[in-house]
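Printed here is final_24.csv (CSV, C-alpha atoms):
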```
chain,number,residue,atom,x,y,z
A,19,MET,CA,19.7,19.7,-11.4
A,20,THR,CA,20.3,23.5,-11.2
A,21,TRP,CA,17.3,24.1,-9.1
A,22,ALA,CA,18.1,21.4,-6.6
A,23,ILE,CA,21.7,22.6,-6.2
A,24,GLU,CA,20.8,26.3,-5.8
A,25,ASN,CA,17.9,25.5,-3.4
A,26,TYR,CA,19.4,22.6,-1.4
A,27,ASP,CA,18.5,24.3,1.8
A,28,ARG,CA,14.8,24.3,0.8
A,29,LEU,CA,15.1,20.7,-0.2
A,30,LEU,CA,16.7,19.8,3.1
A,31,LEU,CA,14.0,21.7,5.1
A,32,ALA,CA,11.3,19.8,3.2
A,33,LEU,CA,13.0,16.5,3.9
A,34,TRP,CA,13.3,17.4,7.6
A,35,GLU,CA,9.5,18.3,7.6
A,36,HIS,CA,8.8,15.0,6.0
A,37,ILE,CA,10.9,13.0,8.5
A,38,GLN,CA,9.1,14.9,11.3
A,39,LEU,CA,5.7,14.0,9.9
A,40,VAL,CA,6.6,10.3,9.7
A,41,GLY,CA,8.6,10.3,13.0
A,42,VAL,CA,5.9,11.9,15.1
A,43,GLY,CA,3.2,9.9,13.5
A,44,LEU,CA,5.1,6.6,14.1
A,45,LEU,CA,6.0,7.5,17.7
A,46,ILE,CA,2.3,8.2,18.6
A,47,ALA,CA,1.3,5.0,16.8
A,48,LEU,CA,3.8,3.0,18.7
A,49,VAL,CA,2.8,4.5,22.1
A,50,ILE,CA,-0.9,3.6,21.5
A,51,GLY,CA,-0.4,0.6,19.3
A,52,VAL,CA,1.9,-1.7,21.4
A,53,PRO,CA,-0.5,-1.9,24.4
A,54,LEU,CA,-3.5,-2.4,22.1
A,55,GLY,CA,-1.5,-5.1,20.3
A,56,VAL,CA,-0.9,-6.9,23.6
A,57,LEU,CA,-4.6,-6.6,24.3
A,58,SER,CA,-5.4,-7.8,20.8
A,59,ALA,CA,-3.2,-10.9,21.2
A,60,ARG,CA,-5.2,-11.9,24.4
A,61,ARG,CA,-8.7,-11.1,22.9
A,62,PRO,CA,-9.4,-12.6,19.5
A,63,ARG,CA,-12.6,-10.6,19.1
A,64,PHE,CA,-10.8,-7.3,19.5
A,65,ALA,CA,-8.2,-8.6,17.0
A,66,LEU,CA,-10.9,-9.3,14.5
A,67,VAL,CA,-12.3,-5.7,14.8
A,68,VAL,CA,-8.7,-4.3,14.3
A,69,LEU,CA,-8.3,-6.5,11.2
A,70,LEU,CA,-11.6,-5.3,9.7
A,71,VAL,CA,-11.0,-1.6,10.4
A,72,SER,CA,-7.4,-1.8,9.1
A,73,GLY,CA,-8.6,-3.5,5.9
A,74,ALA,CA,-11.2,-0.8,5.3
A,75,LEU,CA,-8.9,2.1,6.2
A,76,TYR,CA,-6.2,0.7,3.9
A,77,THR,CA,-8.6,0.7,1.0
A,78,VAL,CA,-9.6,4.3,1.4
A,79,PRO,CA,-7.2,6.7,-0.5
A,80,ALA,CA,-5.1,9.0,1.6
A,81,LEU,CA,-6.3,12.1,-0.2
A,82,ALA,CA,-9.9,11.2,0.7
A,83,ILE,CA,-9.0,10.8,4.4
A,84,PHE,CA,-7.3,14.2,4.4
A,85,ALA,CA,-10.2,15.8,2.6
A,86,LEU,CA,-12.7,14.4,5.1
A,87,LEU,CA,-10.7,15.6,8.0
A,88,ILE,CA,-10.6,19.2,6.8
A,89,PRO,CA,-14.1,20.2,7.9
A,90,TYR,CA,-13.3,18.9,11.5
A,91,LEU,CA,-9.6,19.5,12.0
A,92,GLY,CA,-8.7,22.1,9.4
A,93,LEU,CA,-5.3,22.3,7.7
A,94,GLY,CA,-1.6,21.9,8.8
A,95,PHE,CA,0.8,19.6,10.6
A,96,TRP,CA,-1.5,18.1,13.3
A,97,PRO,CA,-4.4,17.1,11.2
A,98,ALA,CA,-1.9,15.3,8.9
A,99,ILE,CA,-0.5,13.5,12.0
A,100,VAL,CA,-4.0,12.2,12.8
A,101,ALA,CA,-4.2,10.5,9.4
A,102,LEU,CA,-0.6,9.3,9.6
A,103,VAL,CA,-1.2,7.8,13.1
A,104,ALA,CA,-4.4,6.1,11.9
A,105,TYR,CA,-2.6,4.4,9.0
A,106,ALA,CA,0.3,3.2,11.1
A,107,LEU,CA,-1.6,2.3,14.3
A,108,LEU,CA,-3.5,-0.6,12.8
A,109,ILE,CA,-0.5,-2.2,11.3
A,110,ILE,CA,1.4,-1.9,14.6
A,111,ILE,CA,-1.5,-3.4,16.6
A,112,ARG,CA,-1.8,-6.3,14.1
A,113,ASN,CA,1.9,-7.1,14.0
A,114,VAL,CA,2.4,-6.9,17.8
A,115,ALA,CA,-0.6,-9.3,18.2
A,116,THR,CA,0.8,-11.7,15.5
A,117,GLY,CA,4.3,-11.6,17.0
A,118,LEU,CA,3.0,-12.5,20.5
A,119,ARG,CA,0.7,-15.2,19.2
A,120,GLU,CA,3.5,-16.9,17.2
A,121,ILE,CA,5.6,-17.5,20.3
A,122,SER,CA,5.9,-21.2,21.1
A,123,PRO,CA,3.7,-22.3,24.1
A,124,ASP,CA,6.7,-24.4,25.4
A,125,ILE,CA,8.7,-21.2,26.0
A,126,LEU,CA,5.8,-19.6,27.9
A,127,ASP,CA,5.3,-22.8,29.9
A,128,ALA,CA,9.0,-22.9,30.8
A,129,ALA,CA,8.9,-19.3,32.0
A,130,ASN,CA,5.8,-19.9,34.0
A,131,GLY,CA,7.5,-22.9,35.6
A,132,MET,CA,10.4,-20.7,36.5
A,133,GLY,CA,8.0,-18.5,38.4
A,134,TYR,CA,7.8,-15.5,36.0
A,135,GLY,CA,4.9,-13.2,36.7
A,136,ASN,CA,2.6,-12.0,33.9
A,137,TRP,CA,4.3,-8.6,33.6
A,138,ARG,CA,7.8,-10.0,33.7
A,139,LEU,CA,6.8,-12.7,31.2
A,140,LEU,CA,5.5,-9.9,28.8
A,141,PHE,CA,8.6,-7.6,29.1
A,142,ALA,CA,11.4,-10.2,29.5
A,143,ILE,CA,10.2,-12.9,27.2
A,144,GLU,CA,7.2,-12.2,25.0
A,145,LEU,CA,7.9,-8.7,23.6
A,146,PRO,CA,11.6,-9.4,22.9
A,147,LEU,CA,10.7,-12.6,21.1
A,148,ALA,CA,8.0,-10.8,19.1
A,149,LEU,CA,10.4,-7.9,18.2
A,150,PRO,CA,11.3,-9.1,14.6
A,151,VAL,CA,7.6,-9.3,13.7
A,152,ILE,CA,7.0,-5.9,15.3
A,153,ILE,CA,9.8,-4.4,13.3
A,154,ALA,CA,8.3,-5.9,10.2
A,155,GLY,CA,5.2,-4.0,11.0
A,156,VAL,CA,7.1,-0.8,11.7
A,157,ARG,CA,8.7,-1.2,8.2
A,158,ILE,CA,5.3,-1.5,6.5
A,159,ALA,CA,4.0,1.4,8.6
A,160,VAL,CA,6.9,3.7,7.8
A,161,VAL,CA,6.8,3.0,4.0
A,162,THR,CA,3.1,3.7,4.0
A,163,GLN,CA,3.6,6.9,6.1
A,164,VAL,CA,6.3,8.3,3.8
A,165,SER,CA,3.8,7.9,0.9
A,166,VAL,CA,0.8,9.3,2.8
A,167,ALA,CA,3.0,12.2,4.1
A,168,THR,CA,3.7,13.2,0.5
A,169,VAL,CA,0.0,13.8,-0.1
A,170,ALA,CA,-0.2,15.6,3.3
A,171,ALA,CA,1.2,18.7,1.5
A,172,PHE,CA,-2.3,19.1,0.1
A,173,ILE,CA,-3.5,20.1,3.5
A,174,ASN,CA,-0.5,22.4,4.1
A,175,ALA,CA,1.5,20.0,6.3
A,176,GLY,CA,4.7,20.7,4.5
A,177,GLY,CA,7.2,18.0,3.6
A,178,LEU,CA,8.6,16.8,0.2
A,179,GLY,CA,5.1,16.8,-1.3
A,180,ASP,CA,5.2,20.6,-1.0
A,181,ILE,CA,8.1,20.7,-3.5
A,182,ILE,CA,6.1,18.5,-5.9
A,183,PHE,CA,2.9,20.6,-5.6
A,184,GLN,CA,4.8,23.9,-6.0
A,185,GLY,CA,6.5,22.4,-9.1
A,186,ILE,CA,3.1,21.5,-10.6
A,187,THR,CA,1.5,24.9,-10.0
A,188,GLN,CA,4.6,26.7,-11.3
A,189,ASP,CA,4.8,24.3,-14.3
A,190,PHE,CA,8.4,23.7,-13.3
A,191,GLY,CA,9.3,20.1,-14.3
A,192,GLU,CA,12.6,19.8,-12.5
A,193,LYS,CA,11.1,20.7,-9.1
A,194,VAL,CA,8.4,18.1,-9.6
A,195,VAL,CA,11.0,15.4,-10.4
A,196,VAL,CA,13.4,16.4,-7.6
A,197,GLY,CA,10.5,16.2,-5.1
A,198,ALA,CA,9.3,12.8,-6.5
A,199,VAL,CA,12.8,11.3,-6.6
A,200,ALA,CA,13.6,12.5,-3.0
A,201,THR,CA,10.4,11.0,-1.7
A,202,SER,CA,11.0,7.7,-3.5
A,203,ALA,CA,14.6,7.7,-2.2
A,204,LEU,CA,13.4,8.3,1.4
A,205,ALA,CA,10.9,5.4,1.1
A,206,ILE,CA,13.4,3.0,-0.4
A,207,PHE,CA,16.0,4.0,2.2
A,208,CYS,CA,13.6,3.4,5.1
A,209,ASP,CA,12.4,0.1,3.6
A,210,GLU,CA,15.9,-1.2,3.1
A,211,SER,CA,17.3,-0.2,6.5
A,212,LEU,CA,14.4,-1.6,8.4
A,213,ARG,CA,14.6,-4.8,6.4
A,214,ARG,CA,18.2,-5.1,7.5
A,215,VAL,CA,17.3,-4.5,11.2
A,216,GLU,CA,14.6,-7.1,10.9
A,217,ASN,CA,16.9,-9.7,9.3
A,218,TRP,CA,19.6,-9.0,11.9
A,219,MET,CA,17.2,-9.6,14.7
A,220,ARG,CA,15.9,-12.8,13.3
A,221,ALA,CA,19.5,-14.1,12.9
A,222,ASN,CA,20.3,-13.1,16.4
A,223,GLN,CA,17.3,-14.9,17.8
A,224,ALA,CA,18.0,-18.0,15.8
A,225,GLU,CA,21.4,-18.2,17.6
A,226,TYR,CA,19.7,-18.2,21.0
A,227,ILE,CA,17.0,-20.7,20.3
W,5,MET,CA,-22.6,16.3,0.1
W,6,ALA,CA,-25.6,14.5,-1.3
W,7,GLY,CA,-27.0,18.0,-2.0
W,8,TRP,CA,-24.0,18.9,-4.0
W,9,ILE,CA,-24.2,15.7,-6.1
W,10,ALA,CA,-28.0,16.4,-6.7
W,11,ALA,CA,-27.2,19.9,-7.8
W,12,ASN,CA,-24.3,19.0,-10.1
W,13,PRO,CA,-25.1,15.5,-11.3
W,14,GLN,CA,-23.3,16.0,-14.6
W,15,ILE,CA,-20.0,17.1,-13.1
W,16,PHE,CA,-20.2,14.1,-10.7
W,17,VAL,CA,-21.0,11.5,-13.3
W,18,VAL,CA,-18.2,12.8,-15.6
W,19,ALA,CA,-15.7,12.6,-12.8
W,20,LEU,CA,-16.9,9.1,-11.8
W,21,GLN,CA,-16.7,7.9,-15.4
W,22,ASN,CA,-13.2,9.3,-15.8
W,23,HIS,CA,-12.2,7.6,-12.6
W,24,LEU,CA,-13.5,4.2,-13.9
W,25,TRP,CA,-11.9,4.6,-17.3
W,26,LEU,CA,-8.5,5.5,-15.7
W,27,SER,CA,-8.6,2.6,-13.4
W,28,GLY,CA,-10.1,0.1,-15.8
W,29,ILE,CA,-7.6,0.7,-18.6
W,30,ALA,CA,-4.7,0.6,-16.1
W,31,LEU,CA,-6.0,-2.7,-14.6
W,32,VAL,CA,-6.4,-4.3,-18.1
W,33,ALA,CA,-2.8,-3.2,-18.9
W,34,VAL,CA,-1.6,-4.7,-15.6
W,35,LEU,CA,-3.3,-8.0,-16.4
W,36,LEU,CA,-1.9,-8.0,-20.0
W,37,ILE,CA,1.7,-7.4,-18.7
W,38,ALA,CA,1.8,-9.2,-15.4
W,39,LEU,CA,0.0,-12.5,-16.3
W,40,PRO,CA,2.3,-13.5,-19.2
W,41,LEU,CA,5.4,-12.0,-17.6
W,42,GLY,CA,4.9,-14.0,-14.4
W,43,LEU,CA,4.8,-17.2,-16.5
W,44,VAL,CA,7.9,-16.3,-18.4
W,45,LEU,CA,9.7,-15.5,-15.1
W,46,THR,CA,9.0,-19.0,-13.7
W,47,ARG,CA,10.9,-20.4,-16.7
W,48,GLN,CA,13.8,-18.0,-16.4
W,49,ARG,CA,15.0,-17.9,-12.8
W,50,GLY,CA,17.9,-15.6,-13.5
W,51,LEU,CA,15.7,-13.0,-15.0
W,52,ALA,CA,13.2,-13.5,-12.2
W,53,ASN,CA,15.6,-12.4,-9.5
W,54,ALA,CA,16.4,-9.2,-11.3
W,55,ALA,CA,12.7,-8.5,-12.1
W,56,ILE,CA,11.6,-9.1,-8.5
W,57,ALA,CA,14.3,-6.8,-7.2
W,58,ILE,CA,13.1,-4.1,-9.6
W,59,VAL,CA,9.4,-4.7,-8.7
W,60,ASN,CA,10.2,-4.6,-5.0
W,61,ILE,CA,11.7,-1.1,-5.4
W,62,LEU,CA,8.8,0.0,-7.6
W,63,ARG,CA,6.4,-1.2,-4.9
W,64,THR,CA,8.1,1.1,-2.4
W,65,VAL,CA,7.8,4.3,-4.5
W,66,PRO,CA,5.0,6.6,-3.1
W,67,SER,CA,1.9,6.8,-5.3
W,68,LEU,CA,2.2,10.6,-5.8
W,69,ALA,CA,5.8,10.4,-6.7
W,70,LEU,CA,5.1,7.7,-9.3
W,71,LEU,CA,2.3,9.8,-10.8
W,72,VAL,CA,4.4,13.0,-11.2
W,73,ILE,CA,7.9,11.6,-11.8
W,74,MET,CA,7.4,11.2,-15.6
W,75,LEU,CA,5.8,14.6,-15.9
W,76,PRO,CA,8.6,16.2,-18.0
W,77,LEU,CA,8.7,13.1,-20.2
W,78,LEU,CA,5.0,12.4,-20.7
W,79,GLY,CA,3.3,15.7,-19.8
W,80,THR,CA,-0.1,15.8,-18.1
W,81,GLY,CA,-3.5,14.3,-18.9
W,82,PHE,CA,-5.3,11.0,-19.2
W,83,LEU,CA,-2.6,8.9,-20.8
W,84,PRO,CA,0.3,9.7,-18.5
W,85,SER,CA,-2.0,8.9,-15.6
W,86,VAL,CA,-2.8,5.5,-17.1
W,87,VAL,CA,0.9,4.8,-17.5
W,88,ALA,CA,1.7,5.7,-13.9
W,89,LEU,CA,-1.3,3.7,-12.5
W,90,THR,CA,-0.2,0.7,-14.6
W,91,LEU,CA,3.2,0.9,-13.0
W,92,TYR,CA,1.7,1.3,-9.6
W,93,GLY,CA,-0.6,-1.8,-9.9
W,94,LEU,CA,2.0,-4.0,-11.6
W,95,PRO,CA,4.0,-5.1,-8.5
W,96,ALA,CA,1.1,-6.6,-6.6
W,97,LEU,CA,-0.1,-8.8,-9.4
W,98,LEU,CA,3.4,-9.8,-10.8
W,99,LEU,CA,4.6,-10.8,-7.3
W,100,ASN,CA,1.5,-12.8,-6.6
W,101,ASN,CA,1.4,-14.4,-10.0
W,102,TYR,CA,5.1,-15.4,-9.7
W,103,THR,CA,4.8,-16.7,-6.1
W,104,GLY,CA,1.6,-18.5,-6.9
W,105,LEU,CA,3.1,-20.4,-9.8
W,106,THR,CA,6.4,-21.2,-8.0
W,107,GLN,CA,4.6,-22.5,-4.9
W,108,VAL,CA,2.8,-25.2,-6.9
W,109,ASP,CA,3.8,-28.5,-5.4
W,110,ALA,CA,6.7,-30.0,-7.4
W,111,GLU,CA,5.5,-33.5,-6.8
W,112,ILE,CA,2.2,-32.8,-8.5
W,113,VAL,CA,4.0,-31.4,-11.5
W,114,GLU,CA,6.2,-34.5,-11.5
W,115,ALA,CA,3.2,-36.8,-11.3
W,116,ALA,CA,1.6,-35.0,-14.2
W,117,ARG,CA,4.7,-35.3,-16.3
W,118,GLY,CA,4.9,-39.0,-15.4
W,119,GLN,CA,1.4,-39.4,-16.9
W,120,GLY,CA,2.6,-38.0,-20.1
W,121,PHE,CA,1.5,-34.3,-19.8
W,122,SER,CA,3.3,-32.0,-22.2
W,123,ASP,CA,4.9,-28.7,-21.0
W,124,ARG,CA,1.9,-26.9,-22.2
W,125,GLN,CA,-0.6,-29.2,-20.5
W,126,VAL,CA,1.4,-28.9,-17.2
W,127,MET,CA,1.1,-25.2,-17.5
W,128,THR,CA,-2.6,-24.9,-18.5
W,129,GLN,CA,-4.0,-27.8,-16.6
W,130,ILE,CA,-1.9,-28.0,-13.4
W,131,GLU,CA,0.2,-24.9,-12.6
W,132,ILE,CA,-2.3,-22.1,-13.6
W,133,PRO,CA,-5.4,-23.7,-12.0
W,134,LEU,CA,-3.5,-24.4,-8.8
W,135,ALA,CA,-2.0,-20.9,-8.6
W,136,LEU,CA,-5.3,-19.2,-9.5
W,137,PRO,CA,-6.4,-18.3,-5.9
W,138,VAL,CA,-3.1,-16.5,-5.3
W,139,ILE,CA,-3.3,-14.8,-8.7
W,140,PHE,CA,-6.9,-13.6,-8.0
W,141,ALA,CA,-5.7,-12.1,-4.7
W,142,GLY,CA,-3.1,-10.2,-6.6
W,143,ILE,CA,-5.7,-8.9,-9.1
W,144,ARG,CA,-7.8,-7.7,-6.2
W,145,THR,CA,-4.9,-5.9,-4.5
W,146,ALA,CA,-3.8,-4.3,-7.9
W,147,ALA,CA,-7.4,-3.2,-8.6
W,148,VAL,CA,-7.8,-1.6,-5.1
W,149,GLN,CA,-4.4,0.1,-5.3
W,150,ILE,CA,-5.2,1.5,-8.8
W,151,VAL,CA,-8.6,2.8,-7.9
W,152,SER,CA,-7.2,4.4,-4.8
W,153,ALA,CA,-4.2,6.0,-6.5
W,154,ALA,CA,-6.3,7.2,-9.4
W,155,THR,CA,-7.6,9.9,-7.0
W,156,LEU,CA,-4.1,11.5,-7.3
W,157,ALA,CA,-4.4,11.7,-11.1
W,158,ALA,CA,-6.3,14.9,-10.6
W,159,PHE,CA,-2.9,16.6,-9.8
W,160,ILE,CA,-1.6,15.9,-13.3
W,161,GLY,CA,-4.8,16.7,-15.1
W,162,GLY,CA,-5.9,13.1,-15.5
W,163,GLY,CA,-9.4,13.7,-14.2
W,164,GLY,CA,-11.4,11.4,-12.0
W,165,LEU,CA,-13.1,11.8,-8.6
W,166,GLY,CA,-9.9,13.4,-7.2
W,167,GLU,CA,-10.7,16.4,-9.3
W,168,LEU,CA,-13.8,17.1,-7.1
W,169,ILE,CA,-11.5,17.1,-4.1
W,170,THR,CA,-8.9,19.4,-5.6
W,171,ALA,CA,-11.5,21.8,-7.2
W,172,GLY,CA,-13.4,21.8,-3.9
W,173,MET,CA,-10.3,22.8,-2.0
W,174,ALA,CA,-9.3,25.5,-4.5
W,175,ASN,CA,-12.8,27.1,-4.4
W,176,PHE,CA,-13.5,26.5,-0.7
W,177,ASN,CA,-16.4,24.4,-1.8
W,178,PHE,CA,-16.5,22.0,1.0
W,179,PRO,CA,-19.7,20.1,-0.1
W,180,GLN,CA,-17.9,19.3,-3.4
W,181,LEU,CA,-14.7,18.3,-1.5
W,182,VAL,CA,-16.6,16.0,0.8
W,183,ALA,CA,-18.7,14.6,-2.1
W,184,GLY,CA,-15.5,13.7,-4.0
W,185,ALA,CA,-13.8,12.1,-0.9
W,186,VAL,CA,-16.8,10.0,0.2
W,187,ALA,CA,-17.4,8.9,-3.4
W,188,VAL,CA,-13.8,7.7,-3.9
W,189,ALA,CA,-13.8,6.0,-0.5
W,190,VAL,CA,-17.0,4.2,-1.3
W,191,LEU,CA,-15.7,3.2,-4.7
W,192,ALA,CA,-12.5,1.8,-3.3
W,193,LEU,CA,-14.3,-0.2,-0.7
W,194,ALA,CA,-16.8,-1.5,-3.3
W,195,VAL,CA,-13.9,-2.6,-5.5
W,196,GLU,CA,-12.3,-4.4,-2.5
W,197,VAL,CA,-15.6,-6.1,-1.5
W,198,GLY,CA,-16.6,-6.9,-5.0
W,199,PHE,CA,-13.4,-8.5,-6.0
W,200,ALA,CA,-13.2,-10.5,-2.8
W,201,ALA,CA,-16.7,-11.9,-3.5
W,202,LEU,CA,-15.7,-12.7,-7.1
W,203,GLU,CA,-12.5,-14.4,-5.7
W,204,ARG,CA,-14.5,-16.6,-3.3
W,205,LEU,CA,-17.0,-17.5,-6.1
W,206,LEU,CA,-14.3,-18.5,-8.6
W,207,THR,CA,-12.2,-20.4,-6.0
W,208,ARG,CA,-15.3,-22.4,-4.9
W,209,GLN,CA,-16.1,-23.2,-8.6
W,210,LEU,CA,-12.5,-24.3,-9.1
W,211,ARG,CA,-12.7,-26.6,-6.1
W,212,MET,CA,-16.0,-28.1,-7.3
W,213,GLY,CA,-14.5,-28.5,-10.8
W,214,ALA,CA,-11.6,-30.4,-9.3
W,215,ALA,CA,-13.8,-32.7,-7.2
```
Please render this file's structure as structure tokens.
Amino acid sequence: MTWAIENYDRLLLALWEHIQLVGVGLLIALVIGVPLGVLSARRPRFALVVLLVSGALYTVPALAIFALLIPYLGLGFWPAIVALVAYALLIIIRNVATGLREISPDILDAANGMGYGNWRLLFAIELPLALPVIIAGVRIAVVTQVSVATVAAFINAGGLGDIIFQGITQDFGEKVVVGAVATSALAIFCDESLRRVENWMRANQAEYI
Amino acid sequence: MAGWIAANPQIFVVALQNHLWLSGIALVAVLLIALPLGLVLTRQRGLANAAIAIVNILRTVPSLALLVIMLPLLGTGFLPSVVALTLYGLPALLLNNYTGLTQVDAEIVEAARGQGFSDRQVMTQIEIPLALPVIFAGIRTAAVQIVSAATLAAFIGGGGLGELITAGMANFNFPQLVAGAVAVAVLALAVEVGFAALERLLTRQLRMGAA
């Protein structure tokens, strides 16, 4: 553990870069994904296309996506963000659509009867009710992104993958393990905390309904 | 890209073969571990909860981290890559196998026992056939995950198509890099589509057998 203790600042910097990659990627994915998810819930054909594309994209290895982007976008932070957004976007769209479609028609009828307009219905009733399912999607997206962001070090995007790759080229086992353990810990932490948020929201909703 | 493959067919074929061996051996190992283990877990509920908690954590570990985390212990090369890929594919099949078996309707099992089925008969003639669609889905997910993660084996000297990507990057040989990336993407999609077709075929045969 000597390396990790002596170089804790480099480790923290790599962790911060990793969080930035995931955070920026997630934010952009949410901004684009939530409206497209609403659209997807209203238009089954669009939803089908999203399902097909996300299935195909999920199958393609992250390293291949990064490699294919190099000739067009080059190296660094932003090309990595493009891939991270792509992976997260489709999960967000899918889960927003599922969350909206699962709402009981009785609730929507009642709101209609109370004179709610389309926009008010969406923001005051539909999206809040769909939130647990949306958070479940965010959880899958974030765990995937933490993993994909590790490989992003291959195109010089920084992050904890950088520590791993440096360790491999320097034949320095401890560095490799520290990088790998830190990435795993980050993924497990994100997964567990978002799972708790999701459960807490579900419990809260159960009280109201 | 096609030009690079045409100019270096031997390098390409060796990389592809390596990729298939890596993935194939890991998938067989996953089947050999997860299929019996899933059955055992349905009989030992206490053990099952602990195993599922571990597998859920394992499932969250990033693929690159899993491949390199045992580097000081196992070193580099083909075998360490197979071990890591086996661990990577294991959660998908084990969880599906376990869920599939536990979701079998208890009333059907009861009815079979009432007709004098032994434990073994209940397992081989009722539980396993009814759980098969879910188990197949798990095999497909594990196969796709393994083929996909095998790309990263190149980083620990395990060979495979990822090596074309890393070598292409190191030598600024973009046609080689793109050839590796496209090949591995096509391979992963082919595995997904192929296993899905196999799954449909087998499920249909099972239904016809039952009818």
- Please report as number ranges by chain which residues of chain W come no farther than 8 Å from chain A, using only C-alpha atoms. W: 61, 64-70, 72-76, 148-149, 152-153, 155-156, 159-160, 166, 169, 178, 181-182, 184-186, 188-190, 192-193, 196
- Item | Spatial neighbours of region 37-52 of chain A, max dist 7 Å, all atoms listed in the file, sep filter under 3 positions, as an NGL selection string | :A and (33-34 or 55-56 or 99 or 102-103 or 106-107 or 110-111 or 114 or 160 or 163-164 or 167)
- Item | Option closest in space to Asn174 (chain A), from W:Met173, W:Leu202, W:Val197, W:Ala33 [counting all atoms listed in the file] |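 So, comparing all the options, the nearest one is W:Met173.
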- Query: So which residues are close to (-10.8, -2.2, 13.2), meaning at most 12 Å away in the file's coordinates with all atoms listed in the file counted, and can you show them as a ChimeraX atom specification?
  - Reply: /A:54,58,63-76,104-105,107-109,111-112
Using the selection just defined, write its residues with C-alpha atoms as a PDB file, in the frame of the given file.
```pdb
ATOM      1  CA  LEU A  54      -3.500  -2.400  22.100  1.00  0.00           C
ATOM      2  CA  SER A  58      -5.400  -7.800  20.800  1.00  0.00           C
ATOM      3  CA  ARG A  63     -12.600 -10.600  19.100  1.00  0.00           C
ATOM      4  CA  PHE A  64     -10.800  -7.300  19.500  1.00  0.00           C
ATOM      5  CA  ALA A  65      -8.200  -8.600  17.000  1.00  0.00           C
ATOM      6  CA  LEU A  66     -10.900  -9.300  14.500  1.00  0.00           C
ATOM      7  CA  VAL A  67     -12.300  -5.700  14.800  1.00  0.00           C
ATOM      8  CA  VAL A  68      -8.700  -4.300  14.300  1.00  0.00           C
ATOM      9  CA  LEU A  69      -8.300  -6.500  11.200  1.00  0.00           C
ATOM     10  CA  LEU A  70     -11.600  -5.300   9.700  1.00  0.00           C
ATOM     11  CA  VAL A  71     -11.000  -1.600  10.400  1.00  0.00           C
ATOM     12  CA  SER A  72      -7.400  -1.800   9.100  1.00  0.00           C
ATOM     13  CA  GLY A  73      -8.600  -3.500   5.900  1.00  0.00           C
ATOM     14  CA  ALA A  74     -11.200  -0.800   5.300  1.00  0.00           C
ATOM     15  CA  LEU A  75      -8.900   2.100   6.200  1.00  0.00           C
ATOM     16  CA  TYR A  76      -6.200   0.700   3.900  1.00  0.00           C
ATOM     17  CA  ALA A 104      -4.400   6.100  11.900  1.00  0.00           C
ATOM     18  CA  TYR A 105      -2.600   4.400   9.000  1.00  0.00           C
ATOM     19  CA  LEU A 107      -1.600   2.300  14.300  1.00  0.00           C
ATOM     20  CA  LEU A 108      -3.500  -0.600  12.800  1.00  0.00           C
ATOM     21  CA  ILE A 109      -0.500  -2.200  11.300  1.00  0.00           C
ATOM     22  CA  ILE A 111      -1.500  -3.400  16.600  1.00  0.00           C
ATOM     23  CA  ARG A 112      -1.800  -6.300  14.100  1.00  0.00           C
TER      24      ARG A 112
END
```
- Message: Please report the interatomic distance between CA of Pro13 (chain W) and CA of Thr170 (chain W) in Å with one decimal.
- Response: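 Interatomic distance, CA of Pro13 (chain W) to CA of Thr170 (chain W): 17.6 Å.
The space between CA of Gly161 (chain W) and CA of Ser85 (chain W) spans 8.3 Å.
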- To one decimal in Å, tell me the separation between CA of Gln14 (chain W) and CA of Gly79 (chain W). 27.1 Å
- Between W:Ala200, W:Ala30, W:Ala194, W:Leu205, which is the closest to Tyr92 (chain W) once you count only C-alpha atoms?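 The answer is W:Ala30, which sits nearest to Tyr92 (chain W).
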- Task: Write out as number ranges by chain the residues lying within 8 Å of Leu139 (chain A), counting only C-alpha atoms and excluding same-chain residues fewer than 4 positions away.
- Result: A: 126, 129-130, 134-135, 143-144
- Skip Ala52 (chain W) itself and residues of its chain fewer than 3 positions away, then list as JSON, numbers by chain all residues within 12 Å of it, counting only C-alpha atoms. {"W": [41, 42, 43, 44, 45, 46, 47, 48, 49, 55, 56, 57, 58, 59, 60, 98, 99, 102, 103, 106]}
- Which polymer residues, protein or nucleic acid, are no farther than 12 Å from (16.2, -17.5, 17.5), counting all atoms listed in the file, as a list in words? Ile121, Ser122, Ile125, Pro146, Leu147, Ala148, Leu149, Pro150, Asn217, Trp218, Met219, Arg220, Ala221, Asn222, Gln223, Ala224, Glu225, Tyr226 and Ile227 of chain A
Could you add the missing atoms to region 93-97 of chain A, up to N, CA and C atoms, and return them as a CSV table (one decimal), in the coordinates of the input?
```csv
chain,number,residue,atom,x,y,z
A,93,LEU,N,-6.5,22.6,8.5
A,93,LEU,CA,-5.3,22.3,7.7
A,93,LEU,C,-4.0,22.3,8.6
A,94,GLY,N,-2.9,21.8,8.1
A,94,GLY,CA,-1.6,21.9,8.8
A,94,GLY,C,-1.1,20.6,9.3
A,95,PHE,N,0.0,20.7,10.2
A,95,PHE,CA,0.8,19.6,10.6
A,95,PHE,C,-0.1,18.6,11.4
A,96,TRP,N,-0.8,19.0,12.4
A,96,TRP,CA,-1.5,18.1,13.3
A,96,TRP,C,-2.6,17.3,12.7
A,97,PRO,N,-3.4,17.9,11.9
A,97,PRO,CA,-4.4,17.1,11.2
A,97,PRO,C,-3.8,16.0,10.3
```
